[in-house]
$ cat run.txt   # compact mmCIF, C-alpha atoms
# COMPACT_ATOMS: atom_id res chain seq x y z
CA MET A 1 -3.01 -8.32 -11.02
CA LEU A 2 -3.75 -8.32 -7.28
CA ARG A 3 -6.04 -11.30 -7.79
CA GLU A 4 -2.94 -13.22 -8.89
CA VAL A 5 -0.49 -11.67 -6.41
CA PHE A 6 -2.76 -12.31 -3.42
CA ALA A 7 -4.13 -15.68 -4.59
CA GLY A 8 -2.59 -17.49 -1.63
CA ALA A 9 -3.27 -14.75 0.92
CA ARG A 10 -6.06 -14.67 3.48
CA LYS A 11 -5.85 -11.17 4.95
CA VAL A 12 -4.42 -7.98 3.44
CA LEU A 13 -3.44 -4.92 5.44
CA GLU A 14 -3.76 -1.84 3.24
CA ILE A 15 -1.42 0.88 4.51
CA GLY A 16 -2.47 4.37 3.49
CA SER A 17 -6.09 3.62 2.58
CA GLY A 18 -6.82 7.32 2.03
CA THR A 19 -10.48 7.81 1.25
CA GLY A 20 -11.29 4.10 1.41
CA GLN A 21 -12.20 3.90 -2.27
CA HIS A 22 -9.52 1.28 -3.00
CA ALA A 23 -10.50 -0.77 0.04
CA VAL A 24 -14.13 -0.97 -1.11
CA HIS A 25 -13.12 -1.80 -4.68
CA PHE A 26 -10.67 -4.53 -3.73
CA ALA A 27 -12.89 -6.06 -1.05
CA THR A 28 -15.70 -6.21 -3.61
CA HIS A 29 -13.57 -7.78 -6.35
CA LEU A 30 -11.37 -9.99 -4.16
CA PRO A 31 -13.98 -11.68 -1.95
CA HIS A 32 -11.58 -14.45 -0.92
CA LEU A 33 -9.57 -11.85 1.04
CA ILE A 34 -10.26 -10.11 4.30
CA TRP A 35 -9.32 -6.49 3.57
CA GLN A 36 -8.03 -4.41 6.48
CA PRO A 37 -7.81 -0.69 5.66
CA ALA A 38 -5.47 1.46 7.76
CA ASP A 39 -4.42 5.09 7.70
CA LEU A 40 -3.77 8.14 9.82
CA ALA A 41 -6.55 8.89 12.33
CA GLU A 42 -7.82 11.92 10.40
CA ASN A 43 -8.57 9.75 7.33
CA LEU A 44 -10.64 7.10 9.10
CA PRO A 45 -14.01 8.97 8.91
CA GLY A 46 -13.72 9.10 5.10
CA ILE A 47 -12.95 5.39 4.94
CA GLU A 48 -15.99 4.69 7.11
CA LEU A 49 -18.16 6.73 4.73
CA TRP A 50 -17.00 4.61 1.78
CA ARG A 51 -17.69 1.43 3.77
CA ALA A 52 -21.18 2.66 4.71
CA GLU A 53 -21.99 3.64 1.12
CA ALA A 54 -20.77 0.27 -0.18
CA ALA A 55 -23.00 -1.52 2.32
CA LEU A 56 -26.00 0.28 0.77
CA GLY A 57 -24.93 -0.28 -2.85
CA PRO A 58 -24.98 -3.28 -5.21
CA ALA A 59 -22.61 -5.22 -2.94
CA ARG A 60 -25.21 -4.99 -0.16
CA SER A 61 -26.24 -8.62 -0.47
CA ALA A 62 -22.66 -9.67 0.20
CA GLY A 63 -22.49 -6.98 2.87
CA LEU A 64 -18.77 -6.62 2.22
CA ALA A 65 -18.21 -8.75 5.31
CA ASN A 66 -14.62 -9.08 4.14
CA LEU A 67 -14.01 -5.31 4.55
CA LEU A 68 -13.04 -4.58 8.14
CA PRO A 69 -13.36 -1.25 9.95
CA PRO A 70 -10.24 0.87 9.42
CA LEU A 71 -7.37 0.93 11.88
CA VAL A 72 -5.19 3.85 12.87
CA LEU A 73 -1.73 3.22 11.49
CA ASP A 74 0.99 5.84 11.37
CA VAL A 75 4.31 4.39 10.21
CA ASN A 76 5.96 6.56 12.89
CA GLN A 77 4.21 4.55 15.62
CA PRO A 78 6.66 2.31 17.48
CA ARG A 79 4.04 -0.47 17.59
CA TRP A 80 1.71 -1.19 14.73
CA PRO A 81 -1.69 -2.79 15.33
CA GLU A 82 -1.71 -6.58 15.40
CA THR A 83 -3.67 -7.58 12.31
CA GLY A 84 -2.79 -11.17 11.51
CA ALA A 85 -2.30 -10.09 7.89
CA ASP A 86 -0.27 -12.31 5.59
CA ALA A 87 -0.11 -9.66 2.87
CA VAL A 88 0.35 -5.88 2.71
CA PHE A 89 -0.77 -3.48 -0.02
CA SER A 90 0.03 0.20 -0.33
CA ALA A 91 -0.79 2.56 -3.19
CA ASN A 92 0.60 6.04 -3.78
CA THR A 93 2.19 6.36 -0.36
CA LEU A 94 5.97 6.12 -0.66
CA HIS A 95 6.28 9.39 -2.57
CA ILE A 96 4.27 11.37 0.02
CA MET A 97 6.24 10.01 2.99
CA SER A 98 9.62 11.34 4.05
CA TRP A 99 12.55 9.00 3.43
CA SER A 100 12.73 8.21 7.16
CA GLU A 101 9.04 7.24 7.03
CA VAL A 102 9.69 5.01 4.00
CA ARG A 103 12.36 3.27 6.08
CA LEU A 104 9.87 2.87 8.95
CA PHE A 105 7.27 1.55 6.50
CA PHE A 106 9.56 -1.28 5.39
CA ALA A 107 10.72 -2.02 8.94
CA GLY A 108 7.09 -2.26 10.07
CA VAL A 109 6.14 -4.47 7.15
CA GLY A 110 9.17 -6.63 7.96
CA ARG A 111 7.94 -7.11 11.54
CA LEU A 112 4.38 -7.80 10.44
CA LEU A 113 4.69 -10.24 7.54
CA PRO A 114 4.92 -13.98 8.21
CA SER A 115 7.45 -16.23 6.46
CA ASP A 116 5.24 -16.64 3.39
CA GLY A 117 4.07 -13.01 3.32
CA VAL A 118 3.58 -10.77 0.29
CA LEU A 119 4.07 -7.02 -0.09
CA ALA A 120 2.63 -5.15 -3.09
CA VAL A 121 3.36 -1.45 -3.58
CA TYR A 122 1.88 0.72 -6.34
CA GLY A 123 3.10 4.14 -7.44
CA PRO A 124 5.67 6.10 -9.44
CA LEU A 125 9.36 5.21 -9.16
CA ASN A 126 12.68 6.34 -10.56
CA TYR A 127 15.20 3.87 -12.01
CA GLY A 128 18.91 4.49 -11.93
CA GLY A 129 18.22 7.87 -10.31
CA ARG A 130 16.19 9.01 -13.33
CA HIS A 131 12.53 9.74 -13.86
CA THR A 132 10.75 7.35 -16.19
CA SER A 133 8.80 10.17 -17.88
CA GLU A 134 8.57 13.93 -18.08
CA SER A 135 5.20 13.77 -16.29
CA ASN A 136 6.86 11.98 -13.36
CA ALA A 137 9.60 14.64 -13.30
CA ARG A 138 6.93 17.37 -13.10
CA PHE A 139 5.05 15.41 -10.42
CA ASP A 140 8.26 15.01 -8.39
CA ARG A 141 8.95 18.76 -8.57
CA SER A 142 5.37 19.44 -7.45
CA LEU A 143 5.67 17.03 -4.52
CA ARG A 144 8.96 18.54 -3.38
CA SER A 145 7.64 22.11 -3.68
CA ARG A 146 4.86 21.22 -1.21
CA ASP A 147 7.08 19.15 1.07
CA PRO A 148 10.84 18.91 0.47
CA HIS A 149 10.91 15.55 2.32
CA SER A 150 8.56 13.88 -0.16
CA GLY A 151 9.26 12.86 -3.74
CA ILE A 152 9.36 9.96 -6.15
CA ARG A 153 11.66 7.28 -4.73
CA ASP A 154 14.41 5.38 -6.49
CA PHE A 155 13.55 1.75 -7.14
CA GLU A 156 17.02 0.60 -6.12
CA ALA A 157 16.82 2.31 -2.71
CA VAL A 158 13.32 0.97 -2.03
CA ASP A 159 14.34 -2.53 -3.09
CA ALA A 160 17.34 -2.35 -0.75
CA LEU A 161 15.01 -1.50 2.16
CA ALA A 162 12.85 -4.49 1.24
CA ALA A 163 15.93 -6.74 1.09
CA GLU A 164 16.90 -5.64 4.62
CA GLN A 165 13.57 -7.15 5.70
CA LYS A 166 14.29 -10.40 3.83
CA LEU A 167 11.80 -9.49 1.10
CA VAL A 168 12.76 -10.62 -2.39
CA LEU A 169 11.46 -8.82 -5.46
CA ALA A 170 9.14 -11.16 -7.37
CA ARG A 171 7.58 -8.74 -9.87
CA ASP A 172 8.04 -5.24 -11.22
CA VAL A 173 5.11 -4.43 -13.50
CA ALA A 174 4.51 -1.31 -15.57
CA MET A 175 1.09 0.21 -14.89
CA PRO A 176 -0.88 3.06 -16.48
CA ALA A 177 0.15 6.70 -15.96
CA ASN A 178 3.86 5.89 -15.51
CA ASN A 179 3.29 3.94 -12.30
CA ARG A 180 4.65 0.54 -11.24
CA THR A 181 3.49 -2.31 -9.05
CA LEU A 182 6.30 -3.94 -7.12
CA VAL A 183 5.71 -7.28 -5.44
CA TRP A 184 8.05 -8.74 -2.85
CA LEU A 185 7.86 -12.14 -1.18
CA ARG A 186 9.26 -12.98 2.23
CA SER A 187 12.26 -15.23 1.62
$ encode --input "run.txt" --output "structure tokens"
Amino acid sequence: MLREVFAGARKVLEIGSGTGQHAVHFATHLPHLIWQPADLAENLPGIELWRAEAALGPARSAGLANLLPPLVLDVNQPRWPETGADAVFSANTLHIMSWSEVRLFFAGVGRLLPSDGVLAVYGPLNYGGRHTSESNARFDRSLRSRDPHSGIRDFEAVDALAAEQKLVLARDVAMPANNRTLVWLRS
């Protein structure tokens, strides 16, 4: 799906790269893109390990030249790194952020994306204030028991934040394990 969504993109900023596993996978399978992983400072060593391992693996001949070193990006930062990205991807992040951080995420993406930019977000969502499955309801309770500021977000609220940044929903696609991929385009 990302091959199609990012067909016209040149550089993707991945916010919340975690271990770096997704960054390596997508850089390997989307060689037309420059992939820029970014996360909190404490996660960068793990991302670097994935990059180093990938450079020694089957993709070695390609060298994964399209996978850049990770950047420190905390949505709470007043200034995000200048990346020149024309697309943003984030997986499984909105439900672990507080609502104020979700707001900052969209504001930051709004400042970063050019007029033809694309935002793709993957993860669980509620619709009409309701969980889409019992497993998502259990997951939401688990998230909130660990951190009362986290939790599965309502699609309508997230889409409203995107609209504030002049991002228009282009796709809402059901994914495995009761997740969704939402794609917004800069209007």
$ closest_residue --input "run.txt" --among "A:Trp50, A:Trp184, A:Phe6, A:Tyr122" --to "Val168 (chain A)" --atoms "all atoms listed in the file"
A:Trp184
$ atom_distance --input "run.txt" --atom1 "CA of Ala163 (chain A)" --atom2 "CA of Tyr127 (chain A)"
16.9 Å
$ closest_residue --input "run.txt" --among "A:Pro37, A:Pro78, A:Gly8, A:Gly110" --to "His22 (chain A)" --atoms "all atoms listed in the file"
A:Pro37
$ residues_around --input "run.txt" --residues "region 169-179 of chain A" --least-positions-apart "2" --cutoff "6 Å" --atoms "all atoms listed in the file" --output "MDAnalysis selection string"
chainID A and resid 123:124 181:184
$ residues_around --input "run.txt" --residues "Ala7 (chain A)" --least-positions-apart "2" --cutoff "12 Å" --atoms "all atoms listed in the file" --output "JSON, numbers by chain"
{"A": [1, 2, 3, 4, 5, 9, 10, 11, 12, 30, 31, 32, 33, 86, 87, 117, 118]}
$ residues_around --input "run.txt" --residues "region 142-155 of chain A" --least-positions-apart "2" --cutoff "10 Å" --atoms "only C-alpha atoms" --output "PDB file with C-alpha atoms, in the coordinates of the input"
ATOM      1  CA  ASN A  92       0.600   6.040  -3.780  1.00  0.00           C
ATOM      2  CA  THR A  93       2.190   6.360  -0.360  1.00  0.00           C
ATOM      3  CA  LEU A  94       5.970   6.120  -0.660  1.00  0.00           C
ATOM      4  CA  HIS A  95       6.280   9.390  -2.570  1.00  0.00           C
ATOM      5  CA  ILE A  96       4.270  11.370   0.020  1.00  0.00           C
ATOM      6  CA  MET A  97       6.240  10.010   2.990  1.00  0.00           C
ATOM      7  CA  SER A  98       9.620  11.340   4.050  1.00  0.00           C
ATOM      8  CA  TRP A  99      12.550   9.000   3.430  1.00  0.00           C
ATOM      9  CA  SER A 100      12.730   8.210   7.160  1.00  0.00           C
ATOM     10  CA  GLU A 101       9.040   7.240   7.030  1.00  0.00           C
ATOM     11  CA  VAL A 102       9.690   5.010   4.000  1.00  0.00           C
ATOM     12  CA  GLY A 123       3.100   4.140  -7.440  1.00  0.00           C
ATOM     13  CA  PRO A 124       5.670   6.100  -9.440  1.00  0.00           C
ATOM     14  CA  LEU A 125       9.360   5.210  -9.160  1.00  0.00           C
ATOM     15  CA  ASN A 126      12.680   6.340 -10.560  1.00  0.00           C
ATOM     16  CA  TYR A 127      15.200   3.870 -12.010  1.00  0.00           C
ATOM     17  CA  GLY A 128      18.910   4.490 -11.930  1.00  0.00           C
ATOM     18  CA  GLY A 129      18.220   7.870 -10.310  1.00  0.00           C
ATOM     19  CA  ARG A 130      16.190   9.010 -13.330  1.00  0.00           C
ATOM     20  CA  HIS A 131      12.530   9.740 -13.860  1.00  0.00           C
ATOM     21  CA  ASN A 136       6.860  11.980 -13.360  1.00  0.00           C
ATOM     22  CA  ALA A 137       9.600  14.640 -13.300  1.00  0.00           C
ATOM     23  CA  ARG A 138       6.930  17.370 -13.100  1.00  0.00           C
ATOM     24  CA  PHE A 139       5.050  15.410 -10.420  1.00  0.00           C
ATOM     25  CA  ASP A 140       8.260  15.010  -8.390  1.00  0.00           C
ATOM     26  CA  ALA A 157      16.820   2.310  -2.710  1.00  0.00           C
ATOM     27  CA  VAL A 158      13.320   0.970  -2.030  1.00  0.00           C
ATOM     28  CA  ASP A 159      14.340  -2.530  -3.090  1.00  0.00           C
ATOM     29  CA  ALA A 160      17.340  -2.350  -0.750  1.00  0.00           C
ATOM     30  CA  LEU A 161      15.010  -1.500   2.160  1.00  0.00           C
ATOM     31  CA  ASP A 172       8.040  -5.240 -11.220  1.00  0.00           C
ATOM     32  CA  ARG A 180       4.650   0.540 -11.240  1.00  0.00           C
ATOM     33  CA  LEU A 182       6.300  -3.940  -7.120  1.00  0.00           C
TER      34      LEU A 182
END
